[in-house]
Structures are given as structure tokens and as C-alpha cells.
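Printed here is protein.txt (compact mmCIF, C-alpha atoms and all ligand atoms):
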# COMPACT_ATOMS: atom_id res chain seq x y z
CA MET A 1048 -1.13 18.77 -12.38
CA PRO A 1049 0.05 20.00 -8.96
CA ILE A 1050 1.39 17.47 -6.47
CA HIS A 1051 -0.98 17.00 -3.55
CA ALA A 1052 0.10 13.70 -2.00
CA ALA A 1053 3.18 12.77 0.00
CA TYR A 1054 4.61 9.39 0.94
CA VAL A 1055 7.20 9.07 3.70
CA HIS A 1056 9.03 5.79 4.22
CA VAL A 1057 10.16 4.82 7.71
CA PRO A 1058 12.26 1.67 7.32
CA PHE A 1059 12.54 0.36 10.89
CA CYS A 1060 11.11 -2.93 12.17
CA VAL A 1061 11.65 -5.21 15.15
CA HIS A 1062 12.80 -7.95 12.79
CA ARG A 1063 12.40 -8.77 9.13
CA CYS A 1064 9.47 -11.10 8.41
CA GLY A 1065 10.45 -13.94 6.09
CA TYR A 1066 8.24 -12.81 3.20
CA CYS A 1067 9.09 -9.12 3.44
CA ASP A 1068 10.49 -7.43 0.36
CA PHE A 1069 10.14 -3.84 1.60
CA THR A 1070 12.93 -1.42 2.41
CA VAL A 1071 13.48 -2.36 6.03
CA VAL A 1072 16.27 -2.49 8.60
CA ALA A 1073 15.89 -4.49 11.79
CA GLY A 1074 17.93 -4.24 14.96
CA ARG A 1075 19.50 -0.91 13.94
CA ASP A 1076 17.85 1.51 16.33
CA ASP A 1077 21.12 3.49 16.26
CA LEU A 1078 20.12 4.60 12.74
CA ILE A 1079 16.82 6.20 13.78
CA GLY A 1080 18.38 9.53 14.82
CA PRO A 1081 20.52 9.82 11.65
CA PHE A 1082 17.46 8.79 9.58
CA LEU A 1083 15.40 11.64 11.04
CA ASP A 1084 18.25 14.12 10.45
CA ALA A 1085 18.55 12.99 6.83
CA LEU A 1086 14.79 13.02 6.26
CA GLU A 1087 14.68 16.63 7.38
CA LEU A 1088 17.40 17.48 4.87
CA GLU A 1089 15.59 15.61 2.12
CA LEU A 1090 12.33 17.49 2.81
CA GLN A 1091 14.20 20.77 2.81
CA THR A 1092 16.10 20.04 -0.41
CA GLN A 1093 13.18 18.58 -2.32
CA LEU A 1094 10.54 21.10 -1.26
CA GLY A 1095 12.43 24.33 -0.58
CA GLU A 1096 9.35 25.66 1.19
CA PRO A 1097 6.36 24.08 2.96
CA ALA A 1098 4.09 22.33 0.46
CA PRO A 1099 0.29 22.09 0.65
CA VAL A 1100 -0.96 18.50 0.34
CA SER A 1101 -4.29 16.67 0.58
CA THR A 1102 -2.88 13.34 1.74
CA ILE A 1103 0.13 12.15 3.71
CA PHE A 1104 0.94 8.47 4.06
CA ILE A 1105 3.69 7.31 6.41
CA GLY A 1106 4.54 3.73 5.53
CA GLY A 1107 7.27 1.29 6.27
CA GLY A 1108 8.72 -0.66 7.83
CA THR A 1109 6.82 0.06 10.97
CA PRO A 1110 6.55 3.81 11.55
CA THR A 1111 5.18 3.21 15.05
CA TYR A 1112 8.32 1.24 15.91
CA LEU A 1113 9.82 4.67 16.62
CA ALA A 1114 9.86 5.59 20.30
CA PRO A 1115 7.26 8.25 21.23
CA HIS A 1116 9.83 11.06 21.27
CA GLU A 1117 11.16 9.98 17.84
CA LEU A 1118 7.63 9.72 16.49
CA ARG A 1119 6.95 13.20 17.81
CA ARG A 1120 10.06 14.52 16.07
CA LEU A 1121 9.06 12.86 12.79
CA LEU A 1122 5.52 14.26 12.89
CA ALA A 1123 6.65 17.75 13.92
CA MET A 1124 9.08 17.75 10.99
CA LEU A 1125 6.35 16.71 8.57
CA ALA A 1126 4.00 19.34 10.00
CA ALA A 1127 6.67 21.96 9.27
CA TRP A 1128 7.17 20.89 5.63
CA LEU A 1129 3.83 19.48 4.54
CA THR A 1130 0.73 21.57 5.11
CA LEU A 1131 -2.20 19.18 5.19
CA GLU A 1132 -5.40 20.78 3.92
CA PRO A 1133 -8.38 20.87 6.28
CA LEU A 1134 -10.10 17.46 6.05
CA GLY A 1135 -6.94 16.03 4.46
CA GLU A 1136 -6.14 12.36 4.95
CA PHE A 1137 -3.19 11.53 7.19
CA SER A 1138 -2.42 7.79 7.32
CA VAL A 1139 0.16 5.96 9.34
CA GLU A 1140 0.97 2.27 9.03
CA ALA A 1141 1.28 0.46 12.32
CA ASN A 1142 1.71 -3.01 13.72
CA PRO A 1143 -0.37 -4.14 16.68
CA ALA A 1144 2.75 -4.97 18.71
CA GLY A 1145 4.15 -1.79 20.22
CA LEU A 1146 1.25 0.49 19.32
CA ASP A 1147 0.71 1.69 22.88
CA PRO A 1148 -1.48 4.53 24.23
CA GLU A 1149 1.49 6.90 24.39
CA ARG A 1150 2.18 6.53 20.67
CA MET A 1151 -1.55 6.82 19.91
CA GLU A 1152 -1.61 10.13 21.76
CA VAL A 1153 1.33 11.43 19.76
CA LEU A 1154 -0.36 10.39 16.50
CA ARG A 1155 -3.58 12.17 17.49
CA GLU A 1156 -1.74 15.27 18.64
CA PHE A 1157 -0.25 15.72 15.16
CA GLY A 1158 -3.48 15.16 13.27
CA VAL A 1159 -3.06 11.58 12.09
CA ASN A 1160 -6.60 10.52 11.23
CA ARG A 1161 -6.21 7.12 9.62
CA ILE A 1162 -4.40 4.05 10.96
CA SER A 1163 -3.51 1.18 8.68
CA LEU A 1164 -2.94 -1.80 10.92
CA GLY A 1165 -0.94 -4.86 9.84
CA VAL A 1166 -3.20 -7.54 11.30
CA GLN A 1167 -2.56 -10.22 8.62
CA SER A 1168 -4.40 -13.03 10.43
CA PHE A 1169 -6.38 -13.96 13.52
CA HIS A 1170 -5.04 -17.50 13.40
CA GLN A 1171 -1.99 -17.89 15.62
CA PRO A 1172 -0.27 -20.66 13.56
CA THR A 1173 -0.66 -18.47 10.44
CA LEU A 1174 0.84 -15.49 12.26
CA GLN A 1175 3.74 -17.74 13.23
CA VAL A 1176 4.33 -18.84 9.66
CA LEU A 1177 4.30 -15.16 8.69
CA GLU A 1178 6.79 -14.51 11.52
CA ARG A 1179 4.63 -11.76 12.96
CA ASP A 1180 5.18 -10.75 16.56
CA HIS A 1181 1.62 -10.16 17.75
CA THR A 1182 -1.18 -12.42 18.90
CA PRO A 1183 -4.77 -12.36 17.59
CA ASP A 1184 -6.00 -11.11 21.00
CA LEU A 1185 -3.76 -8.05 20.87
CA VAL A 1186 -5.46 -6.82 17.69
CA GLY A 1187 -8.81 -6.38 19.42
CA LEU A 1188 -7.22 -4.56 22.35
CA VAL A 1189 -5.30 -2.20 20.06
CA CYS A 1190 -8.39 -1.45 17.97
CA ASP A 1191 -10.43 -0.70 21.12
CA ASN A 1192 -7.67 1.59 22.30
CA LEU A 1193 -7.47 3.35 18.94
CA ARG A 1194 -11.23 3.97 19.01
CA HIS A 1195 -10.90 5.20 22.57
CA HIS A 1196 -8.26 7.68 21.36
CA GLY A 1197 -10.67 9.03 18.77
CA PHE A 1198 -9.49 7.24 15.61
CA ASP A 1199 -12.60 6.76 13.50
CA ASN A 1200 -10.88 5.55 10.35
CA LEU A 1201 -9.25 2.16 10.83
CA ALA A 1202 -7.87 0.10 7.98
CA LEU A 1203 -6.95 -3.52 8.61
CA ASP A 1204 -4.60 -5.51 6.38
CA LEU A 1205 -5.04 -9.26 5.99
CA ILE A 1206 -3.00 -11.85 4.08
CA TYR A 1207 -4.29 -14.99 2.39
CA GLY A 1208 -2.49 -17.75 0.54
CA VAL A 1209 -0.17 -18.45 3.48
CA PRO A 1210 1.42 -21.93 3.57
CA GLY A 1211 -0.71 -24.18 5.77
CA GLN A 1212 -3.67 -21.77 5.79
CA SER A 1213 -7.04 -23.43 5.24
CA MET A 1214 -10.26 -21.95 3.90
CA ALA A 1215 -11.76 -22.27 7.40
CA ASN A 1216 -8.83 -20.30 8.92
CA TRP A 1217 -9.30 -17.58 6.33
CA GLU A 1218 -13.05 -17.35 6.78
CA GLU A 1219 -12.57 -17.06 10.51
CA THR A 1220 -9.92 -14.36 10.08
CA VAL A 1221 -12.23 -12.34 7.84
CA GLN A 1222 -15.10 -12.78 10.31
CA LEU A 1223 -13.02 -11.68 13.28
CA ALA A 1224 -11.72 -8.68 11.34
CA LEU A 1225 -15.31 -7.67 10.54
CA GLU A 1226 -16.27 -7.88 14.21
CA LEU A 1227 -13.89 -4.95 14.78
CA ARG A 1228 -15.97 -2.92 12.32
CA PRO A 1229 -13.08 -1.43 10.34
CA GLU A 1230 -13.82 1.35 7.86
CA HIS A 1231 -11.38 -0.24 5.43
CA LEU A 1232 -10.06 -3.73 4.77
CA SER A 1233 -7.20 -4.76 2.49
CA THR A 1234 -6.66 -8.40 1.57
CA TYR A 1235 -3.38 -9.35 -0.08
CA GLY A 1236 -2.37 -12.68 -1.57
CA LEU A 1237 1.02 -13.71 -0.18
CA THR A 1238 3.79 -13.41 -2.75
CA PHE A 1239 7.18 -15.07 -2.71
CA GLU A 1240 9.74 -12.50 -3.80
CA LYS A 1241 13.26 -13.32 -4.92
CA GLY A 1242 15.82 -12.45 -2.27
CA THR A 1243 13.51 -12.99 0.70
CA THR A 1244 14.02 -15.76 3.26
CA TYR A 1245 10.74 -17.24 2.07
CA TRP A 1246 12.09 -17.52 -1.47
CA GLY A 1247 15.04 -19.59 -0.25
CA ARG A 1248 12.76 -21.77 1.86
CA LEU A 1249 10.47 -22.28 -1.13
CA LEU A 1250 13.41 -23.42 -3.27
CA ARG A 1251 14.60 -25.79 -0.55
CA GLY A 1252 11.12 -27.27 -0.23
CA GLU A 1253 10.71 -26.06 3.36
CA LEU A 1254 7.65 -24.02 2.40
CA ASN A 1255 4.96 -24.94 -0.08
CA ARG A 1256 2.65 -22.60 -1.93
CA ILE A 1257 -0.99 -23.30 -1.24
CA ASP A 1258 -3.13 -24.74 -3.98
CA GLU A 1259 -4.00 -22.18 -6.67
CA GLU A 1260 -7.71 -23.04 -6.56
CA LEU A 1261 -7.77 -22.58 -2.77
CA GLU A 1262 -6.10 -19.19 -3.09
CA ARG A 1263 -8.61 -18.20 -5.72
CA SER A 1264 -11.46 -19.24 -3.41
CA MET A 1265 -9.99 -17.14 -0.61
CA TYR A 1266 -10.04 -14.07 -2.84
CA GLY A 1267 -13.52 -14.99 -4.08
CA HIS A 1268 -14.70 -15.25 -0.47
CA VAL A 1269 -13.82 -11.65 0.38
CA MET A 1270 -15.29 -10.37 -2.88
CA ASP A 1271 -18.55 -12.12 -1.92
CA ILE A 1272 -18.70 -11.37 1.80
CA LEU A 1273 -17.36 -7.88 2.29
CA PRO A 1274 -19.82 -5.93 0.11
CA ARG A 1275 -22.67 -7.61 2.03
CA VAL A 1276 -21.51 -5.90 5.21
CA GLY A 1277 -20.98 -2.49 3.64
CA LEU A 1278 -17.33 -2.80 2.66
CA ASP A 1279 -17.44 -2.26 -1.08
CA GLN A 1280 -14.58 -3.36 -3.26
CA TYR A 1281 -13.05 -0.32 -4.92
CA GLU A 1282 -9.71 -1.79 -5.93
CA LEU A 1283 -8.35 -5.28 -6.54
CA SER A 1284 -7.22 -5.71 -2.92
CA ASN A 1285 -9.16 -2.97 -1.16
CA PHE A 1286 -12.63 -2.67 0.35
CA ALA A 1287 -14.11 0.28 2.22
CA VAL A 1288 -17.19 1.83 3.70
CA ALA A 1289 -18.41 4.50 1.24
CA GLY A 1290 -16.31 7.63 1.61
CA ARG A 1291 -13.49 5.84 3.46
CA GLU A 1292 -11.53 4.68 0.42
CA CYS A 1293 -7.81 5.43 0.83
CA ARG A 1294 -7.46 8.77 -0.92
CA HIS A 1295 -3.68 8.55 -0.90
CA ASN A 1296 -3.56 5.24 -2.76
CA GLN A 1297 -6.15 6.50 -5.22
CA VAL A 1298 -3.57 9.08 -6.29
CA TYR A 1299 -1.34 6.20 -7.47
CA TRP A 1300 -4.13 4.35 -9.24
CA ARG A 1301 -5.17 7.54 -11.02
CA SER A 1302 -1.57 8.18 -12.12
CA GLU A 1303 -1.56 11.52 -10.35
CA PRO A 1304 1.72 13.00 -9.09
CA TYR A 1305 3.11 12.53 -5.58
CA TYR A 1306 6.15 13.27 -3.46
CA GLY A 1307 8.25 10.46 -2.01
CA PHE A 1308 10.65 10.81 0.91
CA GLY A 1309 12.85 8.27 2.64
CA PRO A 1310 14.81 5.22 1.48
CA GLY A 1311 13.18 3.30 -1.35
CA ALA A 1312 10.43 5.91 -1.77
CA ALA A 1313 9.32 6.92 -5.26
CA GLY A 1314 8.16 10.36 -6.36
CA PHE A 1315 6.30 11.25 -9.55
CA ASP A 1316 5.79 14.74 -10.97
CA GLY A 1317 3.43 13.71 -13.77
CA THR A 1318 6.09 12.86 -16.33
CA THR A 1319 9.18 11.68 -14.43
CA ARG A 1320 9.39 9.04 -11.74
CA ARG A 1321 12.31 9.20 -9.33
CA MET A 1322 13.21 6.31 -7.08
CA ASN A 1323 15.29 6.79 -3.96
CA HIS A 1324 18.01 4.29 -3.17
CA ARG A 1325 16.59 1.26 -1.40
CA SER A 1326 19.55 0.81 0.90
CA VAL A 1327 19.01 2.81 4.07
CA HIS A 1328 22.80 3.17 4.42
CA THR A 1329 23.31 4.50 0.89
CA TRP A 1330 20.30 6.82 1.15
CA LEU A 1331 21.74 8.20 4.41
CA LYS A 1332 25.27 8.50 3.04
CA ARG A 1333 24.15 10.36 -0.07
CA ILE A 1334 22.00 12.85 1.78
CA ARG A 1335 24.72 13.48 4.36
CA ALA A 1336 27.17 14.14 1.51
CA GLY A 1337 24.78 16.64 -0.04
CA GLU A 1338 24.10 14.27 -2.95
CA SER A 1339 20.74 13.25 -4.39
CA PRO A 1340 19.31 10.03 -2.89
CA VAL A 1341 17.67 9.28 -6.24
CA THR A 1342 19.08 6.17 -7.85
CA GLU A 1343 16.71 5.72 -10.76
CA THR A 1344 14.95 8.29 -12.92
CA GLU A 1345 12.40 7.27 -15.48
CA GLN A 1346 11.01 9.76 -17.94
CA LEU A 1347 7.63 8.51 -19.15
CA ASP A 1348 6.88 9.33 -22.76
CA ARG A 1349 3.23 9.78 -23.69
CA GLU A 1350 2.77 6.17 -24.76
CA LEU A 1351 4.39 4.64 -21.69
CA ALA A 1352 2.45 7.02 -19.44
CA ALA A 1353 -0.76 5.89 -21.17
CA ARG A 1354 0.11 2.20 -20.83
CA GLU A 1355 0.89 2.59 -17.14
CA ALA A 1356 -2.32 4.51 -16.62
CA VAL A 1357 -4.28 1.57 -18.08
CA MET A 1358 -2.50 -0.87 -15.82
CA LEU A 1359 -3.10 1.22 -12.71
CA GLY A 1360 -6.58 2.37 -13.69
CA LEU A 1361 -7.80 -1.18 -14.19
CA ARG A 1362 -6.88 -1.94 -10.59
CA GLN A 1363 -9.86 0.23 -9.62
CA VAL A 1364 -13.22 -1.50 -9.71
CA ARG A 1365 -14.71 1.62 -11.31
CA GLY A 1366 -12.16 1.18 -14.08
CA ILE A 1367 -11.04 3.77 -16.60
CA ASP A 1368 -13.13 6.63 -17.91
CA LEU A 1369 -12.46 6.20 -21.62
CA ALA A 1370 -13.25 9.80 -22.64
CA GLU A 1371 -11.13 11.24 -19.84
CA PHE A 1372 -8.30 8.89 -20.78
CA ARG A 1373 -8.43 10.01 -24.41
CA TYR A 1374 -8.40 13.65 -23.33
CA ARG A 1375 -5.47 13.16 -20.97
CA TYR A 1376 -3.23 10.82 -22.99
CA HIS A 1377 -4.39 11.38 -26.60
CA TYR A 1378 -4.76 7.63 -27.01
CA ASP A 1379 -7.74 5.31 -27.14
CA VAL A 1380 -7.20 2.54 -24.60
CA ARG A 1381 -8.01 -0.04 -27.27
CA SER A 1382 -5.37 1.31 -29.65
CA LEU A 1383 -2.66 0.46 -27.10
CA SER A 1384 -3.30 -3.26 -27.42
CA ALA A 1385 -6.24 -3.92 -29.73
CA ALA A 1386 -5.86 -7.71 -29.95
CA ALA A 1387 -5.71 -8.13 -26.16
CA TYR A 1388 -8.56 -5.66 -25.67
CA ASP A 1389 -10.86 -7.59 -28.00
CA ARG A 1390 -9.78 -10.94 -26.62
CA PHE A 1391 -10.46 -9.94 -23.01
CA ILE A 1392 -13.83 -8.40 -23.88
CA THR A 1393 -14.77 -11.64 -25.65
CA SER A 1394 -13.54 -13.81 -22.79
CA GLY A 1395 -15.56 -11.73 -20.32
CA TRP A 1396 -12.59 -10.47 -18.32
CA LEU A 1397 -13.03 -6.86 -19.44
CA GLN A 1398 -16.23 -4.93 -19.99
CA GLU A 1399 -17.23 -1.50 -21.23
CA ARG A 1400 -20.05 0.08 -19.25
CA SER A 1401 -21.32 3.66 -19.47
CA GLY A 1402 -18.06 4.90 -20.92
CA LEU A 1403 -15.94 3.02 -18.36
CA LEU A 1404 -13.56 0.16 -19.09
CA GLN A 1405 -13.39 -2.21 -16.15
CA LEU A 1406 -12.33 -5.68 -15.14
CA THR A 1407 -15.31 -7.96 -14.59
CA LYS A 1408 -15.46 -9.89 -11.34
CA GLU A 1409 -14.02 -12.88 -13.23
CA GLY A 1410 -11.34 -10.60 -14.66
CA ARG A 1411 -10.20 -9.55 -11.19
CA PHE A 1412 -8.96 -13.11 -10.59
CA VAL A 1413 -6.63 -12.79 -13.58
CA ALA A 1414 -5.89 -9.08 -13.30
CA ASP A 1415 -2.11 -9.50 -13.69
CA THR A 1416 -2.55 -11.32 -17.00
CA VAL A 1417 -4.90 -8.66 -18.35
CA MET A 1418 -2.88 -5.67 -17.18
CA SER A 1419 0.46 -7.00 -18.39
CA GLU A 1420 -0.86 -7.12 -21.97
CA PHE A 1421 -1.30 -3.34 -21.90
CA LEU A 1422 2.23 -2.72 -20.68
CA ALA A 1423 3.83 -4.69 -23.50
S1 LIG B 1501 6.43 -5.82 9.85
FE1 LIG B 1501 5.96 -5.40 7.69
S2 LIG B 1501 7.57 -4.07 6.94
FE2 LIG B 1501 8.29 -4.96 8.88
S3 LIG B 1501 9.47 -6.74 8.27
FE3 LIG B 1501 7.39 -7.46 8.66
S4 LIG B 1501 6.34 -7.37 6.66
FE4 LIG B 1501 8.24 -6.13 6.50
As C-alpha cells, how would this structure be written, given the file I've shared?
Amino acid sequence: MPIHAAYVHVPFCVHRCGYCDFTVVAGRDDLIGPFLDALELELQTQLGEPAPVSTIFIGGGTPTYLAPHELRRLLAMLAAWLTLEPLGEFSVEANPAGLDPERMEVLREFGVNRISLGVQSFHQPTLQVLERDHTPDLVGLVCDNLRHHGFDNLALDLIYGVPGQSMANWEETVQLALELRPEHLSTYGLTFEKGTTYWGRLLRGELNRIDEELERSMYGHVMDILPRVGLDQYELSNFAVAGRECRHNQVYWRSEPYYGFGPGAAGFDGTTRRMNHRSVHTWLKRIRAGESPVTETEQLDRELAAREAVMLGLRQVRGIDLAEFRYRYHYDVRSLSAAAYDRFITSGWLQERSGLLQLTKEGRFVADTVMSEFLA
């Protein structure tokens, strides 16, 4: 299967939010120039010649933290090495703070056609708990400006399950997000990852997880409300207007291959997954020394590839096409974990419909439990 998707990681942010577990450096603007130099080398070494792709996703970090001239250099470099097919999807992650008209113009100039905006909440106290540096009002202004600059594919990210967040706050956040008429909405439950500031604060009792039932209701709320306004759920955390699903992320969920560039980025060629070093410094040092930035290589045998494909495929509301799965992996999904399969069908968390295996709505609440049984 040829590779037709590329992910590029830009690790710079104004500061590190307390819950953030991504590959990020804050307050090291001096590294932006060296990062761009190294990224160019990585593209050159990994690709050898310009590669045709259908999707490009620049994530972070905050890619739009780069100054306009740096952003221009990044996009020009990608244009030289990645040839996006006509009507290809070109996404860039952005935060409302700092996404000014000048940066928007640069993004448009280089063919970016999808902006994924880290809104998280329209409730100021919640934004403060999340340590975000924008205000709810700024989001509306930025979205208006993006529309004005011709962006017709806006994706907004929201977070629920934040300490202190109430159901009313969440409902209001969802409502205000909908008033901006995004083509795509992602809703993520806050997670506390080991090693983050939040994790330490949780252990010290300075932060408390919200009640599990409340968090469940918050997820249930978006599953109920969003489809009524034309944003259909197509993945556990993702809702979109028909035709505006994120094509890049669908590559992951369909276990298709992809390139990965930048610190912490992963690439997959269909059988082997390669993970770049997560430390920006080590990634830089290795590339400068002419060494590979890859720190972890995982060769997937047929069974592991099949198990992963179940886990990822079940994330999609459509589910897994059982005949296609059998053809591609030479396994029946059920044979990978027959007891769990039968148990989840009986409990109503999984269902088979028209040759598709999918999580039921009830099953989406316990997706991690279901999917982990297939990885074992
Ligand atoms: S803006 Fe996003 S990537 Fe940057 S530190 Fe905050 S959560 Fe992490």
C-alpha cells in the first residue's frame, strides 16, 4: 500500500499546559531555526525525492507559534518535498492566541485548507484550570477572521472532564462552539498522564478528577446533540459535517501507512512503525550528526497488525468491514479474541450489522475496555 499521508510535528509552544503530554518545548525560540534546518534534512533523507501525498497534517505543539517568516519557511519546505494532490487535505493545528491575519495569509498562500483550532472551552475558569492563554471572546474573532481569509473547513477541539467543570459549563461550551458553525468538532475527555504537572497535582490532592458519571454524561451530551445539528459522529471523539471528516486521521484508524517527520513523530510503512526520539534536543543532535532520529522500531507481525487494526478500526463509528478485514489480515476478527467478542456482543457493547463490526452507542462509553481485549 503506497504512503499517501504525512504528519509533521512542530514542538513549540508559549508555555507547557499542565496536562500536556505532547512533545513540546516552551521558551526555546532559539531552537526554531535549528529545528527547521533539521526538518529539511529529515525530509531529504527520508524521502530522497518529492513524494505525492493526499493529506498533510502539521501538528504540535503549536505550529502557528512560529513567526510568519518561519511559518513561510516551513510551508515552502513542505511544498518542495510533499506534493499534495489536487483536492488534498492540508491541516494545520493552531491556538487562538497568536493566530493573526499575517499568519492566516501565509497559511492560505501555501494551500492550507483546514485549520484545527485548540478552543478547549468557552468558560474562562475552565480555560484557566487548563492553563490556556486565550479568552473565550478571542475564539469568535479568530474564527471570523479565518472565514474572512477563505478557510471553509474549521475544526474545533473541546475538552471535557476538567476539574471544576460542571454540566452547565460544558453544555454552554458546546452551544457556543456550534454557534461558530464549525465543519468539524472534536471532544476529548481530559486525561491525567504520568510525568505531567497535572499528575503531580493529582497525587498531592491539589486537583480532583470530576465524577465519573458526570464525565460520562458530558460525552453522552455531545453524542446526543451534535448529530441533531448535522455534525455526525464518525469516530469516538470526532464529529463532522458529511464530507468534512478528517481524512488524515482516517488513515490512522484504517491502519494505512503514513510518513512522520519531526521530534516524537511516528511513521508507518504498512508493516514497520518507526518512532522518532521525543526529545527535541536528541532529535536535533542525531539529525545534525547524520544519524537516524528513530529511537524505536516495531515490526508488526500479521497477528499484531490484525489486533491493532481491530483496536483502531473500532474507534470508527462505521466499525470494521469483516470481509475486508479477513481479506487483508487473513484472520476473522472473532478468532482474535473469541470469548471477549461473544461477551461484548451479548452485553450489547458490540454489534454486527451488514457485515460491519461496530461499537454500539453504549459500547462507545467503554471503548477502552472493549478495544484492550483485542490487543491482549
Ligand atoms: S498548547 Fe497544546 S501542545 Fe502546547 S502545551 Fe498546551 S496542550 Fe501542549
Using only C-alpha atoms and all ligand atoms, which protein or nucleic acid residues are at most 9 Å from ligand LIG 1501 (chain B), as a compact mmCIF listing (two decimals) with C-alpha atoms, in the coordinates of the input?
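Writing done, so here's result33.txt:
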# COMPACT_ATOMS: atom_id res chain seq x y z
CA PRO A 1058 12.26 1.67 7.32
CA PHE A 1059 12.54 0.36 10.89
CA CYS A 1060 11.11 -2.93 12.17
CA VAL A 1061 11.65 -5.21 15.15
CA HIS A 1062 12.80 -7.95 12.79
CA ARG A 1063 12.40 -8.77 9.13
CA CYS A 1064 9.47 -11.10 8.41
CA GLY A 1065 10.45 -13.94 6.09
CA TYR A 1066 8.24 -12.81 3.20
CA CYS A 1067 9.09 -9.12 3.44
CA ASP A 1068 10.49 -7.43 0.36
CA PHE A 1069 10.14 -3.84 1.60
CA THR A 1070 12.93 -1.42 2.41
CA VAL A 1071 13.48 -2.36 6.03
CA VAL A 1072 16.27 -2.49 8.60
CA ALA A 1073 15.89 -4.49 11.79
CA GLY A 1106 4.54 3.73 5.53
CA GLY A 1107 7.27 1.29 6.27
CA GLY A 1108 8.72 -0.66 7.83
CA THR A 1109 6.82 0.06 10.97
CA ALA A 1141 1.28 0.46 12.32
CA ASN A 1142 1.71 -3.01 13.72
CA GLY A 1165 -0.94 -4.86 9.84
CA LEU A 1177 4.30 -15.16 8.69
CA GLU A 1178 6.79 -14.51 11.52
CA ARG A 1179 4.63 -11.76 12.96
CA ASP A 1180 5.18 -10.75 16.56
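Going from CA of Arg1325 (chain A) over to CA of Val1057 (chain A), you cover 11.7 Å.
Across A:Pro1172, A:Glu1260, A:Thr1244, A:Glu1343, the tightest approach to Met1214 (chain A) is made by A:Glu1260 when counting only C-alpha atoms.
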Within 10 Å of region 1329-1337 of chain A, counting all atoms listed in the file, which residues qualify if same-chain residues fewer than 6 places away don't, as an NGL selection string? :A and (1078 or 1081-1089 or 1092 or 1309-1311 or 1323)
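Of the residues listed (A:Tyr1054, A:Phe1315, A:Tyr1306, A:Phe1421), A:Phe1421 shows the shortest atom-to-atom separation from Arg1354 (chain A); distances use all atoms listed in the file.
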Report as number ranges by chain all protein, DNA and RNA residues lying within 7 Å of Glu1345 (chain A), evaluated on all atoms listed in the file, omitting residues in the same chain fewer than 6 positions from it. A: 1319-1321
Skipping near chain neighbours, those fewer than 2 positions away, what residues fall within 8 Å of region 1270-1282 of chain A using all atoms listed in the file, listed as an mmCIF file with C-alpha atoms, keeping the file's coordinate frame?
data_model
loop_
_atom_site.group_PDB
_atom_site.id
_atom_site.type_symbol
_atom_site.label_atom_id
_atom_site.label_comp_id
_atom_site.auth_asym_id
_atom_site.auth_seq_id
_atom_site.Cartn_x
_atom_site.Cartn_y
_atom_site.Cartn_z
ATOM 1 C CA GLU A 1230 -13.820 1.350 7.860
ATOM 2 C CA HIS A 1231 -11.380 -0.240 5.430
ATOM 3 C CA LEU A 1232 -10.060 -3.730 4.770
ATOM 4 C CA TYR A 1266 -10.040 -14.070 -2.840
ATOM 5 C CA GLY A 1267 -13.520 -14.990 -4.080
ATOM 6 C CA HIS A 1268 -14.700 -15.250 -0.470
ATOM 7 C CA SER A 1284 -7.220 -5.710 -2.920
ATOM 8 C CA ASN A 1285 -9.160 -2.970 -1.160
ATOM 9 C CA PHE A 1286 -12.630 -2.670 0.350
ATOM 10 C CA ALA A 1287 -14.110 0.280 2.220
ATOM 11 C CA VAL A 1288 -17.190 1.830 3.700
ATOM 12 C CA ALA A 1289 -18.410 4.500 1.240
ATOM 13 C CA GLU A 1292 -11.530 4.680 0.420
ATOM 14 C CA ARG A 1362 -6.880 -1.940 -10.590
ATOM 15 C CA GLN A 1363 -9.860 0.230 -9.620
ATOM 16 C CA VAL A 1364 -13.220 -1.500 -9.710
ATOM 17 C CA ARG A 1365 -14.710 1.620 -11.310
#
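As for CA of Asp1389 (chain A) and CA of Asp1348 (chain A), they are spaced 25.1 Å apart.
When CA of Gln1346 (chain A) is paired with CA of Thr1318 (chain A), their separation reads 6.0 Å.
Residue neighbourhood of Val1139 (chain A), excluding near-sequence residues (fewer than 6 positions): Phe1104, Ile1105 and Ile1162 of chain A, at 6 Å, using all atoms listed in the file.
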### Message
Residues near Glu1399 (chain A), anyone? I mean within 12 Å using all atoms listed in the file, not counting same-chain ones fewer than 6 positions away, as a list of chain:residue names.
### Response
A:Leu1361, A:Arg1365, A:Gly1366, A:Ile1367, A:Asp1368, A:Leu1369, A:Val1380, A:Arg1381, A:Tyr1388, A:Asp1389, A:Phe1391, A:Ile1392, A:Thr1393, A:Gln1405, A:Leu1406, A:Thr1407
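Among A:Asn1192, A:Ser1326, A:Thr1111, A:Gln1171, the residue with the shortest atom-to-atom distance to Val1153 (chain A), counting all atoms listed in the file, is A:Thr1111.
Closest approach to Gly1307 (chain A) from the set A:Leu1129, A:Pro1110, A:Phe1169, A:Gly1080 is made by A:Leu1129, with distances taken over only C-alpha atoms.
Minimum distance to Met1358 (chain A) across A:Gln1297, A:Thr1344, A:Ser1419, A:Gln1398 (counting all atoms listed in the file) occurs at A:Ser1419.
Nearest to Leu1174 (chain A) of all the residues A:Asn1216, A:Val1189, A:Met1418, A:Ile1103 is A:Asn1216, counting all atoms listed in the file.
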